[in-house]
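Engineer: This one is work.txt, compact mmCIF, C-alpha atoms.
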```
# COMPACT_ATOMS: atom_id res chain seq x y z
CA MET N 709 29.13 -28.62 -39.00
CA ASP N 710 26.67 -26.30 -37.30
CA TYR N 711 29.27 -23.54 -37.04
CA LEU N 712 32.52 -22.42 -38.64
CA PRO N 713 35.38 -20.38 -37.17
CA LEU N 714 35.62 -16.71 -38.06
CA SER N 715 38.75 -15.57 -39.88
CA ASP N 716 41.67 -14.37 -37.77
CA ASN N 717 41.19 -10.85 -39.15
CA ALA N 718 37.51 -10.80 -38.20
CA VAL N 719 38.20 -12.10 -34.69
CA ARG N 720 41.00 -9.62 -34.11
CA GLN N 721 38.98 -6.71 -35.42
CA SER N 722 35.96 -7.73 -33.33
CA LEU N 723 38.05 -7.79 -30.15
CA ASP N 724 39.65 -4.43 -30.91
CA ALA N 725 36.28 -2.90 -31.73
CA ALA N 726 34.72 -4.24 -28.54
CA THR N 727 37.49 -2.66 -26.47
CA ILE N 728 36.87 0.70 -28.10
CA PHE N 729 33.10 0.31 -27.71
CA HIS N 730 33.40 -0.45 -23.97
CA GLU N 731 35.62 2.59 -23.40
CA PHE N 732 33.33 4.84 -25.43
CA THR N 733 30.34 3.58 -23.43
CA ARG N 734 32.17 4.11 -20.12
CA VAL N 735 33.19 7.68 -20.96
CA LYS N 736 29.72 8.51 -22.31
CA ALA N 737 28.17 7.35 -19.02
CA GLN N 738 30.75 9.36 -17.09
CA ALA N 739 29.89 12.44 -19.12
CA LEU N 740 26.29 12.30 -17.89
CA ARG N 741 27.56 13.69 -14.58
CA TYR N 742 28.50 16.85 -16.45
CA ARG N 743 25.17 17.52 -18.11
CA GLY N 744 24.16 21.16 -18.26
CA SER N 745 26.37 23.99 -17.14
CA LEU N 746 27.54 25.96 -14.11
CA TYR N 747 27.63 29.74 -14.16
CA TRP N 748 27.80 32.71 -11.82
CA LYS N 749 24.69 34.80 -11.33
CA GLN N 750 24.75 38.28 -9.80
CA GLU N 751 21.90 39.27 -7.50
CA GLY N 752 22.37 42.59 -5.83
CA ALA N 753 25.59 42.56 -3.85
CA TYR N 754 25.85 38.76 -3.98
CA GLU N 755 27.01 36.32 -6.61
CA TYR N 756 25.75 32.74 -6.69
CA LEU N 757 26.86 29.58 -8.45
CA VAL N 758 23.94 28.21 -10.45
CA LYS N 759 23.57 24.81 -12.10
CA SER N 760 21.46 24.68 -15.25
CA LEU N 761 20.27 21.32 -16.65
CA PRO N 762 19.19 20.43 -20.22
CA ASP N 763 15.52 20.48 -19.15
CA ARG N 764 16.08 24.17 -18.24
CA SER N 765 15.70 23.58 -14.53
CA GLN N 766 18.11 25.51 -12.33
CA SER N 767 19.40 25.24 -8.79
CA ARG N 768 21.68 27.37 -6.63
CA LEU N 769 24.81 25.71 -5.32
CA GLY N 770 25.73 28.53 -2.96
CA PRO N 771 27.26 32.04 -2.83
CA ARG N 772 30.66 32.67 -4.34
CA SER N 773 33.38 31.35 -2.06
CA PRO N 774 36.62 29.38 -2.33
CA GLN N 775 34.54 26.19 -2.09
CA THR N 776 32.09 27.05 -4.89
CA GLU N 777 34.92 28.41 -7.04
CA GLN N 778 36.60 25.01 -6.71
CA VAL N 779 33.31 23.29 -7.64
CA HIS N 780 33.07 25.51 -10.73
CA HIS N 781 36.69 24.84 -11.70
CA ASP N 782 36.41 21.06 -11.23
CA PHE N 783 33.18 20.91 -13.24
CA THR N 784 34.51 23.03 -16.10
CA THR N 785 37.84 21.24 -16.46
CA GLY N 786 36.28 17.80 -15.98
CA LYS N 787 33.63 18.45 -18.61
CA GLN N 788 36.16 19.75 -21.13
CA ALA N 789 38.44 16.74 -20.62
CA LEU N 790 35.59 14.24 -21.04
CA GLU N 791 34.19 15.99 -24.10
CA THR N 792 37.63 15.89 -25.73
CA ARG N 793 38.09 12.21 -24.91
CA LEU N 794 34.57 11.35 -26.08
CA ARG N 795 35.10 13.18 -29.36
CA THR N 796 38.31 11.25 -30.01
CA LEU N 797 36.71 7.93 -29.08
CA ARG N 798 33.76 8.61 -31.36
CA GLU N 799 36.13 9.08 -34.28
CA VAL N 800 38.03 5.89 -33.42
CA LEU N 801 34.75 4.00 -33.01
CA THR N 802 33.59 5.10 -36.44
CA GLU N 803 36.82 3.81 -37.95
CA ALA N 804 36.46 0.51 -36.04
CA GLU N 805 32.95 0.08 -37.42
CA ARG N 806 34.27 0.64 -40.94
CA LEU N 807 36.95 -2.01 -40.46
CA CYS N 808 34.46 -4.48 -38.96
CA LYS N 809 32.27 -4.07 -42.01
CA ALA N 810 35.26 -4.58 -44.32
CA VAL N 811 36.28 -7.91 -42.72
CA LYS N 812 32.66 -9.06 -42.32
CA ALA N 813 33.04 -9.39 -38.55
CA GLY N 814 29.33 -9.06 -37.75
CA ARG N 815 25.94 -10.15 -39.00
CA VAL N 816 23.40 -9.44 -36.24
CA PRO N 817 20.26 -8.04 -37.91
CA ALA N 818 20.53 -4.26 -38.04
CA PRO N 819 17.11 -3.74 -36.36
CA VAL N 820 18.32 -5.73 -33.34
CA VAL N 821 21.53 -3.71 -32.92
CA ALA N 822 19.63 -0.44 -33.34
CA LEU N 823 17.00 -1.58 -30.82
CA LEU N 824 19.56 -2.62 -28.18
CA GLN N 825 21.57 0.58 -28.53
CA THR N 826 18.47 2.76 -28.37
CA LEU N 827 17.32 1.06 -25.16
CA GLU N 828 20.83 1.51 -23.75
CA ASP N 829 20.92 5.21 -24.67
CA ALA N 830 17.55 5.64 -22.95
CA GLY N 831 18.89 4.09 -19.74
CA LEU N 832 16.56 1.09 -20.08
CA GLY N 833 18.94 -1.59 -21.36
CA GLN N 834 19.49 -3.12 -17.92
CA HIS N 835 15.77 -3.89 -17.60
CA PHE N 836 15.55 -6.16 -20.66
CA THR N 837 17.18 -9.49 -21.49
CA VAL N 838 17.35 -11.00 -24.97
CA VAL N 839 15.95 -14.53 -24.80
CA GLY N 840 15.32 -17.10 -27.49
CA THR N 841 17.06 -17.53 -30.83
CA HIS N 842 18.77 -14.13 -30.95
CA ALA N 843 20.87 -15.05 -27.90
CA LEU N 844 22.87 -17.24 -30.32
CA TYR N 845 24.38 -14.08 -31.82
CA ALA N 846 25.96 -13.25 -28.46
CA TYR N 847 27.26 -16.79 -28.02
CA GLU N 848 28.79 -17.01 -31.49
CA ALA N 849 30.46 -13.62 -31.07
CA ALA N 850 31.99 -14.73 -27.77
CA ALA N 851 33.13 -18.03 -29.30
CA GLY N 852 34.55 -16.48 -32.47
CA VAL N 853 32.42 -18.65 -34.76
CA ARG N 854 29.61 -18.29 -37.26
CA ILE N 855 26.58 -20.49 -36.57
CA VAL N 856 24.81 -21.79 -39.68
CA GLN N 857 21.96 -19.57 -40.79
CA GLY N 858 19.38 -22.36 -40.61
CA ALA N 859 19.66 -22.45 -36.82
CA LEU N 860 19.18 -18.68 -36.56
CA ALA N 861 16.41 -17.75 -38.99
CA THR N 862 13.75 -15.71 -37.20
CA GLN N 863 11.94 -12.44 -37.87
CA ASP N 864 11.32 -11.42 -34.29
CA VAL N 865 13.33 -10.80 -31.13
CA ASP N 866 12.12 -11.61 -27.61
CA LEU N 867 12.90 -9.19 -24.78
CA LEU N 868 12.26 -10.36 -21.23
CA TRP N 869 11.32 -7.54 -18.88
CA ASP N 870 12.54 -7.90 -15.29
CA ALA N 871 9.45 -7.37 -13.12
CA ARG N 872 11.59 -7.58 -9.98
CA ARG N 873 12.97 -4.11 -10.71
CA ARG N 874 9.64 -2.51 -11.60
CA VAL N 875 10.05 0.60 -9.43
CA GLN N 876 13.48 1.42 -10.86
CA PHE N 877 12.21 0.74 -14.37
CA LEU N 878 9.32 3.17 -13.97
CA THR N 879 11.72 5.80 -12.62
CA ASP N 880 14.11 5.34 -15.54
CA LEU N 881 11.28 5.40 -18.09
CA ALA N 882 9.81 8.56 -16.55
CA ARG N 883 13.10 10.36 -17.26
CA GLN N 884 12.51 9.73 -20.96
CA ALA N 885 9.11 11.46 -20.88
CA THR N 886 7.76 8.93 -23.35
CA SER N 887 6.48 5.35 -23.59
CA VAL N 888 8.48 2.20 -24.34
CA LEU N 889 6.97 2.28 -27.82
CA GLY N 890 8.15 5.87 -28.10
CA VAL N 891 11.68 4.77 -27.22
CA LEU N 892 11.55 2.05 -29.91
CA GLN N 893 10.47 4.67 -32.44
CA ARG N 894 13.77 6.46 -31.84
CA ALA N 895 15.45 3.41 -33.38
CA ASP N 896 12.87 3.12 -36.17
CA PRO N 897 9.94 5.56 -36.51
CA THR N 898 7.86 2.88 -38.24
CA TYR N 899 7.45 0.75 -35.10
CA GLU N 900 3.84 0.48 -33.97
CA ARG N 901 1.91 -1.80 -31.67
CA LYS N 902 0.76 -4.86 -33.60
CA GLU N 903 -2.98 -5.16 -33.94
CA GLY N 904 -4.33 -7.80 -31.58
CA ARG N 905 -0.89 -8.33 -29.98
CA ASN N 906 -0.40 -5.72 -27.29
CA GLU N 907 2.99 -7.18 -26.33
CA THR N 908 4.45 -6.80 -29.83
CA ALA N 909 5.90 -3.87 -31.75
CA ILE N 910 6.30 -4.29 -35.51
CA ASN N 911 8.09 -2.08 -38.02
CA ALA N 912 7.37 -1.38 -41.68
CA ARG N 913 9.56 -4.30 -42.77
CA GLY N 914 7.69 -6.80 -40.60
CA PHE N 915 10.37 -7.15 -37.94
CA GLU N 916 8.78 -7.78 -34.54
CA VAL N 917 9.85 -7.09 -30.97
CA ASP N 918 8.00 -9.22 -28.42
CA PHE N 919 8.03 -8.18 -24.75
CA LEU N 920 7.75 -10.97 -22.20
CA ARG N 921 7.47 -11.10 -18.42
CA ARG N 922 7.36 -13.76 -15.74
CA GLN N 923 4.01 -14.95 -14.45
CA PRO N 924 2.92 -12.72 -11.53
CA GLU N 925 4.67 -13.30 -8.22
CA GLY N 926 4.28 -11.43 -4.93
CA ASP N 927 3.21 -7.85 -5.64
CA ASP N 928 3.76 -8.02 -9.41
CA PRO N 929 1.01 -5.96 -11.10
CA HIS N 930 -1.23 -7.81 -13.53
CA PRO N 931 -2.04 -6.86 -16.16
CA PHE N 932 0.78 -4.35 -16.63
CA ARG N 933 1.34 -1.69 -19.28
CA PHE N 934 4.79 -0.12 -19.46
CA SER N 935 3.45 3.44 -19.17
CA ASP N 936 0.22 5.42 -18.86
CA ASP N 937 0.20 5.93 -22.62
CA GLU N 938 -2.79 3.96 -23.92
CA GLY N 939 -0.85 3.00 -27.03
CA ASP N 940 2.08 1.55 -25.13
CA LEU N 941 3.04 -2.12 -24.92
CA TRP N 942 1.92 -4.73 -22.39
CA PRO N 943 4.53 -7.44 -21.67
CA VAL N 944 2.89 -10.83 -21.90
CA GLN N 945 3.28 -13.61 -19.32
CA ALA N 946 5.52 -16.40 -20.56
CA VAL N 947 5.44 -19.89 -19.13
CA ARG N 948 8.49 -20.56 -16.94
CA ALA N 949 9.89 -17.11 -17.68
CA SER N 950 10.71 -16.80 -13.98
CA VAL N 951 13.54 -19.30 -14.61
CA LEU N 952 15.02 -16.99 -17.24
CA THR N 953 14.43 -13.93 -15.03
CA GLN N 954 16.54 -15.51 -12.29
CA ALA N 955 19.18 -17.04 -14.58
CA PRO N 956 22.76 -15.70 -14.55
CA ARG N 957 23.36 -13.04 -17.18
CA PHE N 958 25.73 -13.09 -20.15
CA GLU N 959 26.85 -9.86 -21.83
CA GLN N 960 28.56 -9.56 -25.18
CA VAL N 961 29.23 -6.79 -27.69
CA VAL N 962 27.58 -7.77 -30.97
CA LEU N 963 27.99 -6.32 -34.46
CA SER N 964 25.76 -5.89 -37.45
CA ALA N 965 26.91 -6.37 -41.03
CA THR N 966 27.49 -2.60 -41.24
CA GLY N 967 29.84 -2.70 -38.24
CA GLN N 968 27.41 -1.02 -35.85
CA MET N 969 27.79 -2.28 -32.27
CA ALA N 970 25.62 -2.78 -29.22
CA LEU N 971 25.79 -4.62 -25.91
CA MET N 972 23.54 -7.67 -25.87
CA ARG N 973 22.35 -8.82 -22.45
CA THR N 974 21.13 -12.38 -22.48
CA VAL N 975 21.13 -15.47 -20.24
CA ALA N 976 24.14 -17.65 -19.51
CA PRO N 977 24.67 -20.37 -22.15
CA SER N 978 23.90 -23.19 -19.68
CA ALA N 979 20.55 -21.57 -18.86
CA PHE N 980 19.81 -21.24 -22.59
CA ILE N 981 20.56 -24.95 -23.12
CA GLU N 982 18.37 -26.07 -20.22
CA PHE N 983 15.46 -23.88 -21.30
CA LYS N 984 15.60 -24.89 -24.95
CA ARG N 985 15.61 -28.58 -24.04
CA TRP N 986 12.68 -28.04 -21.71
CA MET N 987 10.77 -26.32 -24.54
CA ALA N 988 11.51 -29.21 -26.89
CA ASP N 989 10.47 -31.90 -24.40
CA LYS N 990 7.84 -30.39 -22.13
CA VAL N 991 5.87 -27.60 -23.83
CA PRO N 992 2.47 -28.99 -24.89
CA HIS N 993 1.37 -28.60 -28.51
CA ARG N 994 4.69 -27.07 -29.65
CA GLU N 995 5.14 -27.56 -33.38
CA ALA N 996 7.47 -30.37 -34.39
CA GLY N 997 9.62 -28.03 -36.48
CA LYS N 998 10.14 -25.70 -33.53
CA ARG N 999 10.99 -28.65 -31.26
CA ARG N 1000 13.68 -29.77 -33.68
CA ARG N 1001 15.09 -26.25 -33.83
CA ASP N 1002 15.06 -25.96 -30.03
CA LEU N 1003 17.11 -29.16 -29.72
CA ARG N 1004 19.47 -28.14 -32.49
CA GLN N 1005 20.14 -24.77 -30.87
CA ALA N 1006 20.70 -26.38 -27.46
CA ASP N 1007 23.10 -28.91 -29.00
CA ILE N 1008 25.07 -26.18 -30.80
CA VAL N 1009 25.59 -24.15 -27.64
CA GLN N 1010 26.46 -27.28 -25.66
CA ARG N 1011 29.08 -28.22 -28.24
CA LEU N 1012 30.61 -24.74 -28.09
CA MET N 1013 30.91 -25.13 -24.33
CA ASP N 1014 32.27 -28.67 -24.56
CA GLU N 1015 34.99 -27.48 -26.94
CA GLY N 1016 35.97 -24.68 -24.58
CA LEU N 1017 34.96 -21.96 -27.04
CA LEU N 1018 32.17 -20.63 -24.81
CA ARG N 1019 31.81 -20.26 -21.06
CA ASP N 1020 29.04 -19.07 -18.76
```
So that I can check it, write out the structure of this file as structure tokens.
Structural biologist:
Amino acid sequence: MDYLPLSDNAVRQSLDAATIFHEFTRVKAQALRYRGSLYWKQEGAYEYLVKSLPDRSQSRLGPRSPQTEQVHHDFTTGKQALETRLRTLREVLTEAERLCKAVKAGRVPAPVVALLQTLEDAGLGQHFTVVGTHALYAYEAAAGVRIVQGALATQDVDLLWDARRRVQFLTDLARQATSVLGVLQRADPTYERKEGRNETAINARGFEVDFLRRQPEGDDPHPFRFSDDEGDLWPVQAVRASVLTQAPRFEQVVLSATGQMALMRTVAPSAFIEFKRWMADKVPHREAGKRRRDLRQADIVQRLMDEGLLRD
């Protein structure tokens, strides 16, 4: 067998943990609307409502009036309610992670979970799709199985950047006031650009993150560096990556062995199968060992779908 079912305890705990994770993520996103503070500022005979943001910028929302008093009240009460809910959810999430670790519900490599969550926290997660072998972790989590390790072994993760949303990506990255490499270093300070491989970040343990992009279409810039930082990463063109860029998406909460969680965005299983079989049959000069692994991975995912354990 290329996969085995997870225990009932592990499946149940994974589902419960994912529910908590989704709610925590939803409330955390909602709380972003309440960043900073509102306060009254006296100037001469007038009093104004002022909004202060974490970057220390300020803006006036208008003189004191029934309308601005209502704005102040709604903001203050809304922020307090969300902070209370978020604090409670954080405690519950910590307990869920502990239980997931106890029942061995997860096994995604810790660097991958940390990387995905860091990109998500930076508001960049939507711009990257996990492609290649690591997508199997999302599929096995959704199917409630454990794929044999031999079909998964790899020391690098491939992230496909969506060039179609370049303008929004640059806007989102600018809010972070750093480079993509700088964002990765929040997950692990030892990440650096690999010598001679401008598309790859590597950490002190040799784990690599490869950034891919489709071959240029329309007004796609080429070459393209993620930011103006000379040390930042350059996503490399990948043959037929446009197929993966346009493929339907598949999202799944994944867990590491320590119980830490993150949302993995990858391609739909049927797209994975088609691409892996194409790589095995059509890519010139691909090593025989990699061709065999491509076919094995495609066959595993196809069997999960045939058995009704996995759906697009």
Engineer: Give me, as JSON lines, each residue of stretch 817-915 of chain N that comes within 12 Å of stretch 729-753 of chain N, together with its shortest interatomic pair and the distance in Å at one decimal, counting all atoms listed in the file, with rows ordered by chain and rising residue number.
Structural biologist:
```
{"residue": "N:Gln825", "atom": "CA", "partner": "N:Thr733", "partner_atom": "CA", "distance": 10.6}
{"residue": "N:Glu828", "atom": "CA", "partner": "N:Thr733", "partner_atom": "CA", "distance": 9.7}
{"residue": "N:Asp829", "atom": "CA", "partner": "N:Ala737", "partner_atom": "CA", "distance": 9.4}
{"residue": "N:Ala830", "atom": "CA", "partner": "N:Ala737", "partner_atom": "CA", "distance": 11.5}
{"residue": "N:Gly831", "atom": "CA", "partner": "N:Ala737", "partner_atom": "CA", "distance": 9.9}
```
Engineer: For a cut-off of 6 Å around (13.6, -8.2, -20.5), file coordinates, pick out all residues using all atoms listed in the file and list them as a list in words.
Structural biologist: His835, Phe836, Thr837, Leu867, Leu868, Trp869 and Asp870 of chain N
Engineer: With all atoms listed in the file as the basis for distance, which of N:Ala946, N:Met1013, N:Val865, N:Leu761 is at the shortest distance from N:Ala909?
Structural biologist: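 Ranked by minimum distance to N:Ala909, first place goes to N:Val865.
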Engineer: Kindly indicate which residue among N:Met969, N:Leu881, N:Val779, N:Val816 lies nearest to N:Ala861, using all atoms listed in the file for the distances.
Structural biologist: N:Val816
Engineer: Rounded to one decimal place, report the atom CA of N:Ala1006-atom CA of N:Gln954 distance in Å.
Structural biologist: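 Answer for the atom CA of N:Ala1006 to atom CA of N:Gln954 separation: 19.1 Å.
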Engineer: Which of these residues is nearest to N:Ser887, using all atoms listed in the file: N:Gly858, N:Pro931, N:Pro817, N:Gly939?
Structural biologist: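 Smallest distance to N:Ser887 is found for N:Gly939.
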Engineer: Looking at N:Val917, N:Ala850, N:Phe783, N:Asp937, which one is nearest to N:Thr886, with distances taken over all atoms listed in the file?
Structural biologist: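 When distances to N:Thr886 are compared using all atoms listed in the file, the smallest one comes from N:Asp937.
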Engineer: Separation of atom CA of N:Gly814 and atom CA of N:Gly967, in Å?
Structural biologist: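 For atom CA of N:Gly814 relative to atom CA of N:Gly967, the distance reads 6.4 Å.
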